[in-house]
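Reviewing the structure listed below.
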Amino acid sequence: MSRKISLPPCPGNPATLPMGSDKPWLAPLAGYSDLPFRLLCREYGASVCVTEMVSAKGLVYGSPGTADLLASLPEDQPLVVQLFGAEADFLRRAVAMLREAGYGWFDLNIGCSVPKVRKQGAGAAMLGNVDNILTVARAMLSEAGPGRVGFKLRLGLSHDQPVKGGLKALALSLENLGAGWLTLHPRTAQQGFGGQAHWQAIHELAACLHIPLLASGDLFTAEDGLRCLAETGATGLMYARGAMQNPAIFSAHLALCRGESPSFPEHSALHAMILRHMELARQHCTGKAALWKMRSVVPRYVRALPGVRDLRQRLCRCTDWQGLTDALSEFLLAAACENPTSKRI
Ligand SMILES: Cc1cc2nc3c(=O)[nH]c(=O)nc-3n(C[C@H](O)[C@H](O)[C@H](O)COP(=O)(O)O)c2cc1C
């Protein structure tokens with residue numbers, strides 16, 4: 001049963017997307033790359049942000065919650081909407097709806113390995129059917145326009161089930177169809193996040209493409225990012241878990257690009273960053289959902305400090321923002337007292 005969905009408008013999407021080694025992107029992160037987190041990352045220097053993955057079918061059928069994933073603001077630009085789905089007609093209709101609401105840049109998820117997505121033949125499951133990837137790509141590009149869709153790939157289903165015809169041939173076909181850029185997370189779907197990202201595969205793909213290639217995979221620090229760019233020749237990169245753990249990874253990246261040493265994070269900077277994330281969450285999310293989410297986000301930011309397990313338990317009992325703020329301040333004060341000679345984390 002289809003419901004009419006009211007999409008939030010997406011004002012001010014730009015004519016081009018920033019690409020390059022000094023233009024770090026925030027990767028699509030289901031459950032994390034929401035509007036408050038994107039705004040936070042932009043304040044630290046993220047050049048482009050990608051939404052959480054959005055179901056094309058959910059969008060077309062007006063599933064509850066889908067529109068929330070698309071909440072945006074003029075200062076949340078440039079923005080790429082990531083879609084998932086395996087049926088060309090749904091992807092085409094989803095892009096048409098988004099274009100009408102003002103969104104201008106799209107990405108197709110061809111890498112998600114969670115069973116819920118793979119069972120629909122979407123995400124990484126698409127790597128088992130190259131012809132369908134190309135059919136979907138044609139449908140999205142016909143609606144979005146050439147250059148306005150990117151494709152985020154993995155190496156294949158497993159080492160025993162590589163992409164039919166080879167990843168390189170698939171990448172070149174997408175380029176020929178008018179893809180704006182490609183992203184490679186060089187692991188197989190079977191690997192999930194295990195093992196090491198195979199950056200050599202990024203190097204090989206970058207060498208044969210004429211459109212930009214973005215690197216993803218094991219970029220936990222800005223130093224990792226710069227090393228990956230140097231070793232692979234990728235046009236640019238996107239930070240995923242590195243940004244989840246430390247949104248200041250973007251300012252560190254930009255400092256390294258300028259030839260400067262990034263400043264070491266201090267307790268006070270960490271405290272300010274977390275308070276800012278809370279402020280953005282309170283501003284841009286309604287109801288208690290933002291508070292529940294921040295209860296799990298805060299411990300991730302301070303995971304390297306002693307006592308984080310106790311903090312997690314205390315936060316679980318917090319039912320208002322004041323409680324959360326107090327628990328954080330007391331935790332950081334205790335951590336600073338425990339290590340009074342260093343303000344660094
Ligand atoms: C919590 C989480 C959620 C993710 N959600 C998405 C997603 O919605 N779409 C997508 O294409 N990739 C998603 N990814 C994959 C990342 O975008 C990225 O490609 C991957 O984490 C490898 O980069 P990293 O090793 O630097 O974290 C997700 C990863 C994590 C950890």
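Following the order of the structure tokens, first chain is A, next is B, and so on, with residues numbered from 1 inside each chain and ligands from 1 in the order they appear.
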
Query raised in the report: What residues have any atom no more than 8 Å from ligand 1 when counting only C-alpha atoms and all ligand atoms, and can you list them as a PyMOL selection string?
Result: chain A and resi 27-32+51-54+82+108-112+123+152-153+184-185+193+197+216-220+238-242

Query raised in the report: CA of Arg187 in chain A and CA of Arg118 in chain A, how far apart in Å?
Result: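 These atoms are spaced 15.9 Å apart.
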
Requested in this report: For Cys228 in chain A, work out the shell of residues within 8 Å, counting only C-alpha atoms and skipping chain neighbours fewer than 6 positions away, then give it as a PyMOL selection string.
Outcome: chain A and resi 199+215+219+234

Print the selection's residues with N, CA and C atoms to a file, as an mmCIF file, in the first residue's frame.
```
data_model
loop_
_atom_site.group_PDB
_atom_site.id
_atom_site.type_symbol
_atom_site.label_atom_id
_atom_site.label_comp_id
_atom_site.auth_asym_id
_atom_site.auth_seq_id
_atom_site.Cartn_x
_atom_site.Cartn_y
_atom_site.Cartn_z
ATOM 1 N N TRP A 199 44.081 -2.018 -0.134
ATOM 2 C CA TRP A 199 44.247 -0.740 -0.837
ATOM 3 C C TRP A 199 44.819 -0.908 -2.243
ATOM 4 N N ALA A 215 38.469 6.606 -2.098
ATOM 5 C CA ALA A 215 38.926 5.458 -1.320
ATOM 6 C C ALA A 215 38.143 5.381 -0.021
ATOM 7 N N LEU A 219 40.398 3.772 7.265
ATOM 8 C CA LEU A 219 40.881 5.160 7.389
ATOM 9 C C LEU A 219 40.509 5.635 8.797
ATOM 10 N N ALA A 234 44.144 7.443 -5.422
ATOM 11 C CA ALA A 234 42.707 7.760 -5.458
ATOM 12 C C ALA A 234 42.539 9.276 -5.512
#
```

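You can rank A:Ala290, A:Cys10, A:Gln190, A:Ser296 by their closest distance to Val114 in chain A using only C-alpha atoms, and at the top of that list sits A:Gln190.
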